[in-house]
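Pasted below: data_36.cif, mmCIF, C-alpha atoms.
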```cif
data_start
#
loop_
_atom_site.label_atom_id
_atom_site.label_comp_id
_atom_site.auth_asym_id
_atom_site.auth_seq_id
_atom_site.Cartn_x
_atom_site.Cartn_y
_atom_site.Cartn_z
CA MET A 1057 0.00 0.00 0.00
CA VAL A 1058 1.43 3.35 -1.06
CA TRP A 1059 0.41 6.65 0.52
CA LEU A 1060 0.14 9.62 -1.80
CA ASN A 1061 0.63 11.99 1.09
CA LEU A 1062 0.22 15.51 -0.28
CA LEU A 1063 0.85 18.41 2.08
CA ASN A 1064 0.22 22.08 1.48
CA ASN A 1065 3.25 24.03 0.38
CA GLU A 1066 2.39 27.70 0.43
CA LYS A 1067 5.83 28.82 -0.72
CA ARG A 1068 6.03 26.67 -3.87
CA ASN A 1069 9.33 28.25 -4.77
CA SER A 1070 10.14 28.40 -8.46
CA ILE A 1071 12.87 26.09 -9.65
CA ALA A 1072 15.78 27.12 -11.84
CA ARG A 1073 14.50 26.73 -15.39
CA THR A 1074 17.90 26.24 -16.94
CA SER A 1075 18.35 22.49 -16.81
CA ILE A 1076 16.55 19.15 -16.39
CA ASN A 1077 17.59 17.37 -13.20
CA ARG A 1078 18.17 13.71 -12.45
CA LEU A 1079 16.80 12.46 -9.13
CA GLY A 1080 17.20 9.08 -7.48
CA GLU A 1081 13.92 7.36 -6.67
CA ASN A 1082 12.89 8.02 -3.05
CA THR A 1083 15.30 10.98 -2.76
CA ILE A 1084 12.38 13.43 -2.91
CA SER A 1085 9.03 13.26 -1.14
CA TYR A 1086 5.74 12.94 -3.00
CA THR A 1087 4.73 16.42 -1.79
CA ASN A 1088 7.92 18.10 -2.95
CA PHE A 1089 7.80 16.36 -6.32
CA TYR A 1090 4.17 17.37 -6.79
CA TRP A 1091 4.77 21.06 -6.16
CA LYS A 1092 8.27 21.30 -7.63
CA TYR A 1093 7.80 19.43 -10.90
CA LEU A 1094 4.13 18.67 -11.62
CA TYR A 1095 2.80 22.03 -10.40
CA GLN A 1096 5.59 23.99 -12.09
CA ASN A 1097 5.28 21.92 -15.28
CA TRP A 1098 8.98 21.17 -15.48
CA PRO A 1099 10.60 17.93 -16.77
CA VAL A 1100 12.73 15.67 -14.62
CA ILE A 1101 14.49 12.30 -14.86
CA ILE A 1102 14.07 9.76 -12.05
CA THR A 1103 16.74 7.07 -11.82
CA ASN A 1104 16.59 3.48 -10.52
CA VAL A 1105 12.84 3.31 -11.10
CA SER A 1106 12.37 -0.13 -12.62
CA ASN A 1107 15.09 -2.27 -11.01
CA GLU A 1108 12.55 -4.36 -9.12
CA TRP A 1109 9.87 -4.50 -11.82
CA GLU A 1110 9.04 -7.95 -13.09
CA CYS A 1111 9.64 -6.88 -16.69
CA SER A 1112 13.16 -5.68 -15.81
CA LYS A 1113 13.96 -9.13 -14.45
CA SER A 1114 12.12 -11.51 -16.77
CA TRP A 1115 12.11 -9.65 -20.09
CA LEU A 1116 15.90 -9.32 -20.02
CA THR A 1117 18.87 -11.62 -19.50
CA ARG A 1118 22.14 -10.48 -17.98
CA GLU A 1119 25.41 -12.29 -18.52
CA ASP A 1120 28.82 -11.55 -17.06
CA TYR A 1121 31.65 -11.98 -19.55
CA GLY A 1122 34.41 -11.15 -17.09
CA LYS A 1123 36.32 -8.04 -16.19
CA ASP A 1124 37.56 -7.40 -19.74
CA VAL A 1125 34.06 -7.26 -21.22
CA GLY A 1126 31.75 -6.83 -18.24
CA LYS A 1127 28.04 -7.52 -17.97
CA CYS A 1128 25.84 -7.64 -21.03
CA THR A 1129 22.06 -7.20 -21.03
CA LYS A 1130 19.96 -8.78 -23.77
CA ILE A 1131 16.26 -9.06 -24.55
CA ASN A 1132 14.76 -12.40 -23.50
CA PHE A 1133 12.77 -13.04 -26.67
CA ASP A 1134 11.81 -16.59 -25.68
CA PHE A 1135 10.31 -15.51 -22.35
CA LEU A 1136 8.35 -12.68 -23.93
CA LYS A 1137 6.82 -14.95 -26.55
CA ASP A 1138 6.00 -17.64 -24.01
CA LYS A 1139 4.49 -15.21 -21.48
CA ILE A 1140 2.53 -12.97 -23.82
CA GLY A 1141 1.51 -15.40 -26.55
CA ASN A 1142 1.05 -14.93 -30.27
CA ARG A 1143 -1.42 -12.04 -30.40
CA GLN A 1144 -1.94 -9.18 -32.83
CA VAL A 1145 0.12 -6.11 -31.87
CA PRO A 1146 0.15 -2.54 -33.25
CA VAL A 1147 3.25 -1.67 -35.27
CA THR A 1148 4.35 1.36 -37.25
CA HIS A 1149 6.68 1.50 -40.23
CA CYS A 1150 9.63 3.78 -39.60
CA ASP A 1151 10.88 4.52 -43.09
CA LYS A 1152 9.79 7.68 -44.87
CA SER A 1153 8.91 5.83 -48.08
CA SER A 1154 6.41 3.47 -46.45
CA LYS A 1155 2.89 3.88 -47.84
CA GLU A 1156 1.33 2.03 -44.91
CA ASN A 1157 2.14 3.60 -41.55
CA ALA A 1158 0.25 1.97 -38.65
CA THR A 1159 -0.79 -1.64 -39.01
CA GLN A 1160 -1.13 -4.94 -37.12
CA MET A 1161 1.32 -7.83 -36.90
CA LEU A 1162 1.52 -11.13 -35.04
CA PHE A 1163 3.72 -10.77 -31.96
CA PHE A 1164 5.81 -13.86 -32.77
CA ASN A 1165 6.54 -12.58 -36.27
CA TYR A 1166 7.56 -9.20 -34.91
CA MET A 1167 9.85 -10.67 -32.26
CA ASN A 1168 11.37 -13.23 -34.63
CA ASN A 1169 12.18 -10.55 -37.19
CA TRP A 1170 13.72 -8.35 -34.52
CA GLN A 1171 15.74 -11.20 -33.01
CA ASN A 1172 16.96 -12.35 -36.42
CA SER A 1173 18.14 -8.87 -37.31
CA ILE A 1174 20.16 -8.79 -34.08
CA ASN A 1175 21.57 -12.28 -34.57
CA ASN A 1176 22.50 -11.52 -38.18
CA PHE A 1177 24.18 -8.27 -37.13
CA GLU A 1178 21.90 -6.29 -39.45
CA SER A 1179 22.14 -2.67 -38.43
CA SER A 1180 18.95 -0.70 -38.09
CA GLU A 1181 20.26 1.55 -40.87
CA ILE A 1182 20.18 -1.38 -43.29
CA SER A 1183 16.73 -2.36 -42.07
CA ARG A 1184 15.46 1.19 -42.41
CA GLN A 1185 16.78 1.57 -45.95
CA SER A 1186 15.19 -1.72 -46.97
CA GLY A 1187 11.83 -0.54 -45.64
CA THR A 1188 11.44 -3.39 -43.15
CA ASN A 1189 12.10 -1.51 -39.92
CA VAL A 1190 8.99 -1.37 -37.74
CA TYR A 1191 8.29 -0.18 -34.21
CA LEU A 1192 5.81 -1.77 -31.79
CA LYS A 1193 4.05 1.20 -30.21
CA ASP A 1194 0.90 2.23 -28.33
CA TRP A 1195 0.43 -1.36 -27.20
CA HIS A 1196 -2.23 -1.74 -24.47
CA LEU A 1197 -0.49 -4.77 -22.97
CA LYS A 1198 -1.65 -4.09 -19.41
CA ALA A 1199 -5.27 -3.85 -20.55
CA GLU A 1200 -4.88 -7.09 -22.54
CA LEU A 1201 -3.25 -8.91 -19.61
CA PRO A 1202 -4.68 -7.16 -16.52
CA ASN A 1203 -3.45 -9.83 -14.09
CA TYR A 1204 0.14 -9.69 -15.34
CA GLU A 1205 1.87 -7.30 -12.94
CA PHE A 1206 4.94 -6.56 -15.03
CA TYR A 1207 5.48 -2.98 -13.80
CA LYS A 1208 4.51 -0.57 -11.05
CA VAL A 1209 3.43 3.02 -11.46
CA PRO A 1210 6.04 5.23 -9.74
CA LYS A 1211 4.43 6.88 -6.74
CA TYR A 1212 5.13 10.38 -8.08
CA PHE A 1213 2.69 9.67 -10.94
CA GLY A 1214 0.07 7.94 -8.80
CA SER A 1215 -2.57 10.69 -9.00
CA ASP A 1216 -3.74 9.83 -12.50
CA TRP A 1217 -7.35 10.89 -13.12
CA LEU A 1218 -7.37 9.84 -16.77
CA ASN A 1219 -6.48 6.18 -16.33
CA GLU A 1220 -8.28 5.92 -13.00
CA TYR A 1221 -11.50 6.75 -14.85
CA LEU A 1222 -10.85 4.77 -18.04
CA VAL A 1223 -9.80 1.59 -16.26
CA ASP A 1224 -12.83 1.77 -13.98
CA LYS A 1225 -15.13 2.19 -16.98
CA LYS A 1226 -13.25 -0.50 -18.94
CA ASN A 1227 -12.54 1.91 -21.81
CA ASP A 1228 -9.36 2.17 -23.85
CA ASP A 1229 -6.71 3.55 -21.52
CA TYR A 1230 -3.48 5.49 -22.01
CA ARG A 1231 -1.07 2.86 -20.61
CA PHE A 1232 1.34 1.65 -23.27
CA VAL A 1233 4.32 -0.57 -24.01
CA TYR A 1234 6.80 0.37 -26.73
CA MET A 1235 9.56 -1.81 -28.14
CA GLY A 1236 11.70 -1.86 -31.24
CA PRO A 1237 15.08 -1.59 -32.96
CA LYS A 1238 17.50 1.28 -32.70
CA ASN A 1239 17.05 4.36 -34.85
CA THR A 1240 13.30 3.84 -35.06
CA TRP A 1241 11.54 7.16 -34.88
CA TYR A 1242 10.18 8.48 -38.21
CA ASN A 1243 6.39 8.08 -38.37
CA THR A 1244 6.49 6.67 -34.84
CA THR A 1245 7.43 9.57 -32.58
CA PRO A 1246 7.75 12.64 -34.82
CA PHE A 1247 7.85 16.12 -33.37
CA HIS A 1248 4.66 16.38 -31.33
CA VAL A 1249 2.93 17.37 -28.11
CA ASP A 1250 1.15 14.70 -26.06
CA VAL A 1251 -2.53 13.89 -26.47
CA PHE A 1252 -4.99 16.34 -24.82
CA GLY A 1253 -2.00 18.41 -23.66
CA SER A 1254 -1.55 15.76 -20.98
CA PHE A 1255 1.43 14.87 -18.83
CA SER A 1256 3.34 11.77 -19.78
CA TRP A 1257 5.88 9.54 -18.12
CA SER A 1258 8.07 6.97 -19.82
CA THR A 1259 10.35 4.39 -18.20
CA ASN A 1260 13.11 2.66 -20.15
CA ILE A 1261 13.20 -1.05 -19.38
CA PHE A 1262 15.95 -1.63 -21.92
CA GLY A 1263 18.13 0.60 -24.06
CA THR A 1264 18.73 4.32 -24.53
CA LYS A 1265 16.47 7.05 -25.93
CA LYS A 1266 17.35 10.57 -26.99
CA TRP A 1267 14.75 13.21 -26.18
CA ILE A 1268 14.64 16.74 -27.55
CA LEU A 1269 12.18 18.84 -25.52
CA LEU A 1270 10.93 22.39 -26.09
CA PRO A 1271 9.35 24.52 -23.34
CA PRO A 1272 5.77 25.64 -24.12
CA GLY A 1273 5.69 28.43 -26.68
CA GLU A 1274 9.07 27.71 -28.27
CA GLN A 1275 7.43 25.59 -31.00
CA VAL A 1276 5.90 28.69 -32.60
CA LYS A 1277 9.38 29.66 -33.80
CA LEU A 1278 9.24 26.61 -36.07
CA LEU A 1279 5.97 27.40 -37.86
CA ASP A 1280 6.22 27.67 -41.64
CA ARG A 1281 4.31 30.14 -43.80
CA TYR A 1282 1.29 27.82 -43.71
CA GLN A 1283 1.39 27.77 -39.88
CA LYS A 1284 2.48 24.11 -39.91
CA LEU A 1285 5.07 22.55 -37.61
CA PRO A 1286 7.78 20.26 -38.98
CA ASP A 1287 7.56 16.47 -38.58
CA GLU A 1288 11.26 16.30 -37.79
CA ILE A 1289 13.60 18.53 -35.81
CA SER A 1290 17.32 18.50 -35.13
CA GLU A 1291 19.59 20.47 -32.87
CA GLU A 1292 20.93 22.25 -35.94
CA SER A 1293 17.46 23.32 -37.12
CA LEU A 1294 16.54 24.50 -33.62
CA ASN A 1295 19.72 26.53 -33.28
CA LYS A 1296 19.03 28.28 -36.58
CA ARG A 1297 15.67 29.49 -35.23
CA ASN A 1298 17.04 30.43 -31.79
CA VAL A 1299 14.74 27.89 -30.15
CA ILE A 1300 15.23 27.10 -26.46
CA TYR A 1301 15.43 23.32 -26.06
CA PHE A 1302 16.85 20.53 -23.90
CA VAL A 1303 18.46 17.25 -24.91
CA ILE A 1304 18.17 14.24 -22.63
CA TYR A 1305 19.69 10.78 -23.03
CA GLN A 1306 17.43 8.47 -21.07
CA GLN A 1307 19.09 5.27 -19.87
CA GLU A 1308 17.79 1.91 -18.69
CA ASN A 1309 15.80 2.04 -15.41
CA GLU A 1310 15.15 5.77 -15.80
CA ALA A 1311 11.74 7.46 -15.98
CA ILE A 1312 11.23 10.83 -17.64
CA PHE A 1313 8.39 13.17 -16.71
CA VAL A 1314 7.20 15.19 -19.73
CA PRO A 1315 4.95 18.11 -18.65
CA SER A 1316 1.92 19.51 -20.46
CA GLY A 1317 2.54 21.49 -23.61
CA TRP A 1318 6.17 20.45 -24.07
CA TYR A 1319 6.72 19.55 -27.72
CA HIS A 1320 9.29 16.81 -28.14
CA GLN A 1321 10.86 14.26 -30.43
CA VAL A 1322 12.25 10.88 -29.37
CA TYR A 1323 14.92 8.72 -31.00
CA ASN A 1324 15.77 5.13 -30.10
CA ILE A 1325 19.55 5.27 -29.89
CA THR A 1326 19.66 1.51 -29.22
CA ASP A 1327 17.13 -1.31 -29.25
CA THR A 1328 14.60 -0.25 -26.63
CA ILE A 1329 11.68 -1.37 -24.50
CA SER A 1330 9.68 1.16 -22.49
CA VAL A 1331 6.47 1.60 -20.47
CA ASN A 1332 4.57 4.85 -21.01
CA HIS A 1333 1.50 6.61 -19.58
CA ASN A 1334 -0.39 9.71 -20.62
CA TRP A 1335 -2.26 11.24 -17.70
CA PHE A 1336 -3.65 14.32 -16.02
CA ASN A 1337 -4.81 15.34 -12.57
CA ALA A 1338 -5.65 18.41 -10.49
CA VAL A 1339 -2.50 20.21 -11.60
CA ASN A 1340 -3.22 20.37 -15.34
CA ILE A 1341 -6.96 19.64 -15.58
CA LYS A 1342 -7.83 23.27 -16.43
CA TYR A 1343 -5.26 23.20 -19.25
CA ILE A 1344 -6.94 20.05 -20.60
CA TRP A 1345 -10.34 21.77 -20.49
CA TYR A 1346 -9.09 24.78 -22.44
CA ASN A 1347 -7.64 22.43 -25.08
CA ILE A 1348 -10.95 20.58 -25.43
CA ALA A 1349 -13.00 23.80 -25.58
CA GLY A 1350 -10.60 25.30 -28.12
CA ASN A 1351 -10.72 22.21 -30.32
CA LEU A 1352 -14.52 22.15 -30.18
CA ARG A 1353 -14.65 25.70 -31.50
CA LYS A 1354 -12.33 24.70 -34.35
CA VAL A 1355 -14.69 21.85 -35.23
CA ILE A 1356 -17.71 24.18 -35.14
CA LYS A 1357 -15.93 26.62 -37.44
CA GLU A 1358 -14.89 23.90 -39.89
CA ILE A 1359 -18.42 22.49 -40.35
CA ASN A 1360 -20.32 25.72 -39.83
CA ASP A 1361 -22.01 25.32 -43.23
CA PHE A 1362 -24.05 22.48 -41.71
CA ARG A 1363 -25.21 24.44 -38.66
CA GLU A 1364 -28.85 24.24 -39.74
CA GLU A 1365 -28.79 20.44 -39.59
CA SER A 1366 -30.87 19.05 -36.71
CA ASN A 1367 -27.98 16.97 -35.36
CA PHE A 1368 -25.27 19.62 -35.72
CA GLU A 1369 -24.25 19.52 -32.04
CA GLU A 1370 -24.06 15.72 -32.04
CA GLN A 1371 -21.89 15.78 -35.15
CA CYS A 1372 -19.56 18.31 -33.55
CA GLN A 1373 -19.15 16.08 -30.50
CA ALA A 1374 -18.54 12.99 -32.66
CA ILE A 1375 -15.84 14.80 -34.66
CA LEU A 1376 -14.27 16.20 -31.49
CA ARG A 1377 -14.02 12.71 -29.97
CA ALA A 1378 -12.56 11.29 -33.19
CA ASP A 1379 -9.98 14.06 -33.62
CA PHE A 1380 -9.12 14.98 -30.05
CA GLY A 1381 -9.84 11.73 -28.18
CA LEU A 1382 -12.40 13.20 -25.76
CA ASN A 1383 -15.54 15.23 -26.24
CA ILE A 1384 -17.36 17.48 -23.77
CA SER A 1385 -19.53 14.68 -22.36
CA ASP A 1386 -16.51 12.43 -21.88
CA PHE A 1387 -14.60 15.14 -20.07
CA LEU A 1388 -17.46 16.13 -17.75
CA ASP A 1389 -18.21 12.49 -16.94
CA LEU A 1390 -14.56 11.99 -16.01
CA VAL A 1391 -14.39 15.07 -13.80
CA CYS A 1392 -17.66 14.23 -12.01
CA PHE A 1393 -16.54 10.63 -11.54
CA ILE A 1394 -13.34 11.80 -9.82
CA ALA A 1395 -15.34 14.14 -7.56
CA GLU A 1396 -17.71 11.37 -6.48
CA LYS A 1397 -14.80 8.97 -5.98
CA ARG A 1398 -12.90 11.41 -3.77
CA ILE A 1399 -15.95 12.09 -1.59
CA SER A 1400 -16.61 8.36 -1.17
CA MET A 1401 -12.94 7.82 -0.31
CA ASN A 1402 -13.04 10.42 2.43
CA SER A 1403 -16.25 9.00 3.87
CA SER A 1404 -14.78 5.52 3.98
CA MET A 1405 -11.53 6.67 5.51
CA ASN A 1406 -13.34 8.55 8.26
CA HIS A 1407 -15.69 5.72 9.19
CA ASP A 1408 -14.15 2.34 8.46
CA PHE A 1409 -10.84 2.83 6.74
CA TYR A 1410 -9.43 -0.68 6.82
CA THR A 1411 -12.51 -2.52 5.61
CA LYS A 1412 -13.89 -0.22 2.93
CA SER A 1413 -12.54 -1.12 -0.50
CA ASN A 1414 -13.65 2.21 -1.99
CA SER A 1415 -11.18 4.04 0.24
CA GLU A 1416 -8.56 2.86 -2.21
CA ILE A 1417 -7.60 3.97 -5.68
CA ARG A 1418 -6.14 1.01 -7.54
CA PHE A 1419 -3.54 1.78 -10.17
CA LEU A 1420 -2.25 -1.36 -11.83
CA ASN A 1421 -1.00 -3.77 -9.17
CA LYS A 1422 -0.60 -1.10 -6.48
CA THR A 1423 -3.06 0.28 -4.01
CA SER A 1424 -2.55 4.00 -3.49
CA ILE A 1425 -4.21 5.95 -0.70
CA LEU A 1426 -4.74 9.70 -0.80
CA ASN A 1427 -4.49 11.64 2.44
CA ASP A 1428 -7.18 14.14 3.52
CA PHE A 1429 -5.44 17.21 2.10
CA HIS A 1430 -4.96 15.50 -1.27
CA ILE A 1431 -8.66 14.63 -1.43
CA LEU A 1432 -9.65 18.17 -0.45
CA TYR A 1433 -7.25 19.70 -2.97
CA ASP A 1434 -8.65 17.53 -5.77
CA LEU A 1435 -12.22 18.49 -4.86
CA LYS A 1436 -11.48 22.21 -4.58
CA THR A 1437 -9.79 22.06 -7.97
CA ILE A 1438 -12.83 20.37 -9.51
CA ASN A 1439 -15.16 22.89 -7.88
CA ASN A 1440 -13.19 25.85 -9.24
CA LEU A 1441 -12.88 24.26 -12.67
CA LEU A 1442 -16.61 23.62 -13.03
CA LYS A 1443 -17.36 27.20 -12.02
CA VAL A 1444 -15.19 28.26 -14.96
CA ILE A 1445 -16.78 25.73 -17.31
CA ILE A 1446 -20.37 26.87 -16.69
CA GLN A 1447 -19.38 30.36 -17.90
CA ASP A 1448 -18.74 28.87 -21.35
CA LYS A 1449 -21.61 29.68 -23.71
CA ILE A 1450 -21.63 26.17 -25.14
CA ILE A 1451 -22.09 24.66 -21.68
CA TYR A 1452 -24.57 27.31 -20.60
CA LYS A 1453 -26.81 26.57 -23.58
CA SER A 1454 -26.85 22.83 -22.89
CA THR A 1455 -29.29 21.99 -20.10
CA ASP A 1456 -27.79 18.55 -19.48
CA TRP A 1457 -24.18 19.72 -19.26
CA TYR A 1458 -25.06 22.78 -17.21
CA GLU A 1459 -27.08 20.78 -14.69
CA GLN A 1460 -24.38 18.12 -14.47
CA CYS A 1461 -21.83 20.81 -13.62
CA LEU A 1462 -24.12 22.49 -11.07
CA GLU A 1463 -24.85 19.20 -9.33
CA THR A 1464 -21.15 18.47 -8.86
CA ILE A 1465 -20.44 22.08 -7.84
CA ASN A 1466 -23.07 21.81 -5.11
CA LEU A 1467 -21.77 18.42 -4.04
CA THR A 1468 -18.16 19.59 -3.78
CA ASN A 1469 -19.20 22.88 -2.15
CA LYS A 1470 -20.98 21.00 0.60
CA PHE A 1471 -18.07 18.64 1.16
CA CYS A 1472 -15.43 21.38 1.24
CA GLU A 1473 -17.49 23.50 3.65
CA GLU A 1474 -17.92 20.54 5.99
CA GLU A 1475 -14.21 19.82 5.93
CA MET A 1476 -13.36 23.47 6.60
CA ASN A 1477 -15.76 23.49 9.57
CA LYS A 1478 -13.97 20.49 11.04
CA GLU A 1479 -10.79 22.51 11.16
#
```
For this file, write the structure as structure tokens.
Amino acid sequence: MVWLNLLNNEKRNSIARTSINRLGENTISYTNFYWKYLYQNWPVIITNVSNEWECSKSWLTREDYGKDVGKCTKINFDFLKDKIGNRQVPVTHCDKSSKENATQMLFFNYMNNWQNSINNFESSEISRQSGTNVYLKDWHLKAELPNYEFYKVPKYFGSDWLNEYLVDKKNDDYRFVYMGPKNTWYNTTPFHVDVFGSFSWSTNIFGTKKWILLPPGEQVKLLDRYQKLPDEISEESLNKRNVIYFVIYQQENEAIFVPSGWYHQVYNITDTISVNHNWFNAVNIKYIWYNIAGNLRKVIKEINDFREESNFEEQCQAILRADFGLNISDFLDLVCFIAEKRISMNSSMNHDFYTKSNSEIRFLNKTSILNDFHILYDLKTINNLLKVIIQDKIIYKSTDWYEQCLETINLTNKFCEEEMNKE
């Protein structure tokens, strides 16, 4: 059982925004990490994260070749095939000439091809030029094998509203496994910002990745005359435009925290395996709302010629969900779910903490418990957010959405007032 023990930090001193730090796991408290990195939206590397994960032990083999050569780590292809089975997996072609980008492939075929290329000493450059280099990405392995506890969410990322909601509702989540040969990147992880404007974390189980990260706003320096961003960036191209950026080489057993709005590009310097999550919580939920509302208005503008159609609003929401990943109903359902969950958690903790299962938030194979301040902070954030949302004309004109917001505002108001009176 892991406590996500958040304490108030009224100072919340700004950090030096000149470098990206490396921190050893457990060298910083959950509270300090929350306010120093999540709240200030600044990247950080955490070392020694995955040493004890099952995937770090079973998916890899380590051999000692003596003092002249040292230890060598290899991918345990046989174990992976035996444990996971021969299922369809999502892969992406990494060469620029490929006509078919994302597709499906049998896991055994993918692993056999990858293993053969290693055994035959075929460099990824040769594979890329021949058009056969593919990357296994966005694989919902945890959702496919929910009882296989192959990794643990680092405690610093435990407050994850997005996946808490999606897993509970048994919807597609944002928990992924990535694996593939070195130099895979084109068409797989081009220059981009994460979905919804969310946070992300990524832990390297095997290999080395190169990250190029731009602070929010720096990407506008790269817009062309058509207001389009490039698919590919380099340090040389960034220097020419006087772009502020950071380069990180992420090693095995390291997790990187990528904040909201940070455009980035990732290269696999070696063969790699990683576990990744997209997520958001009280810190960046308002930023997510503004992204959704802004994208909805773009959709409305694009199909404005059909405004007289009887189902215009429904079509806008369908397009928004298809393009953005969430629509207004999805977002409000998520926020209201979190509010109800936090209130039920507090009630259970106050009355019968050790026997009430709903006093626990389950992330993967861990059970994480929020302390009273964390619950109150989440609820106050939701209350303030919904008060902003109901000022939006689109929400105001929709009786269902407006009433849903008001109901949760009243619910959280009552709870917060009761908690303040206790003090």
Hey, can you pull every residue with an atom no more than 10 Å from (-0.1, 7.5, 3.4), using only C-alpha atoms, and send it as a PDB file with C-alpha atoms, in the coordinates of the input?
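Dumped everything to part11.pdb:
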```
ATOM      1  CA  MET A1057       0.000   0.000   0.000  1.00  0.00           C
ATOM      2  CA  VAL A1058       1.430   3.350  -1.060  1.00  0.00           C
ATOM      3  CA  TRP A1059       0.410   6.650   0.520  1.00  0.00           C
ATOM      4  CA  LEU A1060       0.140   9.620  -1.800  1.00  0.00           C
ATOM      5  CA  ASN A1061       0.630  11.990   1.090  1.00  0.00           C
ATOM      6  CA  LEU A1062       0.220  15.510  -0.280  1.00  0.00           C
ATOM      7  CA  SER A1424      -2.550   4.000  -3.490  1.00  0.00           C
ATOM      8  CA  ILE A1425      -4.210   5.950  -0.700  1.00  0.00           C
ATOM      9  CA  LEU A1426      -4.740   9.700  -0.800  1.00  0.00           C
ATOM     10  CA  ASN A1427      -4.490  11.640   2.440  1.00  0.00           C
ATOM     11  CA  ASP A1428      -7.180  14.140   3.520  1.00  0.00           C
TER      12      ASP A1428
END
```
Matched chain/residue IDs from the PyMOL selection byres ((chain A and resi 1301) around 7), as a short mmCIF file (atom, residue, chain, number, x, y, z; two decimals) with C-alpha atoms, keeping the file's coordinate frame:
```
data_model
loop_
_atom_site.label_atom_id
_atom_site.label_comp_id
_atom_site.auth_asym_id
_atom_site.auth_seq_id
_atom_site.Cartn_x
_atom_site.Cartn_y
_atom_site.Cartn_z
CA ILE A 1268 14.64 16.74 -27.55
CA LEU A 1269 12.18 18.84 -25.52
CA LEU A 1270 10.93 22.39 -26.09
CA PRO A 1271 9.35 24.52 -23.34
CA VAL A 1299 14.74 27.89 -30.15
CA ILE A 1300 15.23 27.10 -26.46
CA PHE A 1302 16.85 20.53 -23.90
CA VAL A 1303 18.46 17.25 -24.91
#
```
Translate the PyMOL selection byres ((chain A and resi 1118) around 6) into a concrete residue list for this structure, as a CSV table (one decimal) with C-alpha atoms, in the frame of the given file.
```
chain,number,residue,atom,x,y,z
A,1117,THR,CA,18.9,-11.6,-19.5
A,1119,GLU,CA,25.4,-12.3,-18.5
A,1128,CYS,CA,25.8,-7.6,-21.0
A,1129,THR,CA,22.1,-7.2,-21.0
```
Report summary line: Nearest to Ile1384 in chain A, restricted to all atoms listed in the file and choosing among A:Tyr1323, A:Tyr1086, A:Tyr1346, A:Trp1318, comes out as A:Tyr1346
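A straight line drawn from CA of Phe1252 in chain A to CA of Leu1435 in chain A is 21.3 Å long.
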Requested in this report: Specify as a PyMOL selection string each residue included when the PyMOL selection byres ((chain A and resi 1133) around 9) is applied to this file.
Outcome: chain A and resi 1115-1116+1130-1132+1134-1138+1167-1168+1171
Query raised in the report: Neighbours of Lys1449 in chain A within 12 Å (all atoms listed in the file; same-chain residues fewer than 5 positions away dropped), as a count of residues only?
Result: 7
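Taking CA of Lys1266 in chain A as the reference point, CA of Val1147 in chain A is found at 20.4 Å.
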Requested in this report: Check the smallest atom-to-atom distance from each of A:Tyr1230, A:Trp1109, A:Tyr1093, A:Tyr1191 to Gly1381 in chain A using only C-alpha atoms, then report the winner.
Outcome: A:Tyr1230
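Taking CA of Lys1225 in chain A and CA of Leu1197 in chain A as endpoints, the distance between them is 17.3 Å.
When only C-alpha atoms are used to measure the gap to Cys1111 in chain A, the shortest distance among A:Asn1298, A:Val1331, A:Phe1255, A:His1248 belongs to A:Val1331.
Look at Glu1110 in chain A: the protein and nucleic acid residues within 8 Å of it, using all atoms listed in the file and passing over chain neighbours fewer than 6 places away, are Glu1205, Phe1206 and Tyr1207 of chain A.
Closest approach to Gly1141 in chain A among A:Glu1463, A:Glu1292, A:Glu1364, A:Glu1200 is made by A:Glu1200 (distances from only C-alpha atoms).
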Requested in this report: Rank nothing, just name the residue among A:Asn1439, A:Gln1306, A:Ser1114, A:Asn1077 nearest to Glu1396 in chain A, using all atoms listed in the file.
Outcome: A:Asn1439
Per residue of range 1210-1316 of chain A within 12 Å of range 1429-1434 of chain A, record the nearest atom pair and its distance in Å to one decimal, counting all atoms listed in the file, with rows in chain order and ascending residue number, as JSON lines.
```
{"residue": "A:Gly1214", "atom": "CA", "partner": "A:His1430", "partner_atom": "CA", "distance": 11.8}
{"residue": "A:Ser1215", "atom": "CA", "partner": "A:His1430", "partner_atom": "CA", "distance": 9.4}
{"residue": "A:Asp1216", "atom": "CA", "partner": "A:Asp1434", "partner_atom": "CA", "distance": 11.3}
{"residue": "A:Trp1217", "atom": "CA", "partner": "A:Asp1434", "partner_atom": "CA", "distance": 10.0}
```
Let's have the selection written as a compact mmCIF listing (two decimals), keeping the file's coordinate frame, with C-alpha atoms.
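The result, stored in out-v9.txt:
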```txt
# COMPACT_ATOMS: atom_id res chain seq x y z
CA GLY A 1214 0.07 7.94 -8.80
CA SER A 1215 -2.57 10.69 -9.00
CA ASP A 1216 -3.74 9.83 -12.50
CA TRP A 1217 -7.35 10.89 -13.12
```
**Report entry** Selection: 9 Å around Ile1076 in chain A, all atoms listed in the file, excl. self and same-chain fewer than 4 positions, as JSON, numbers by chain
**Finding:** {"A": [1098, 1099, 1100, 1101, 1302, 1303, 1304]}
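You can rank A:Gln1160, A:Ser1173, A:Asn1088, A:Asn1351 by their closest distance to Leu1382 in chain A using only C-alpha atoms, and at the top of that list sits A:Asn1351.
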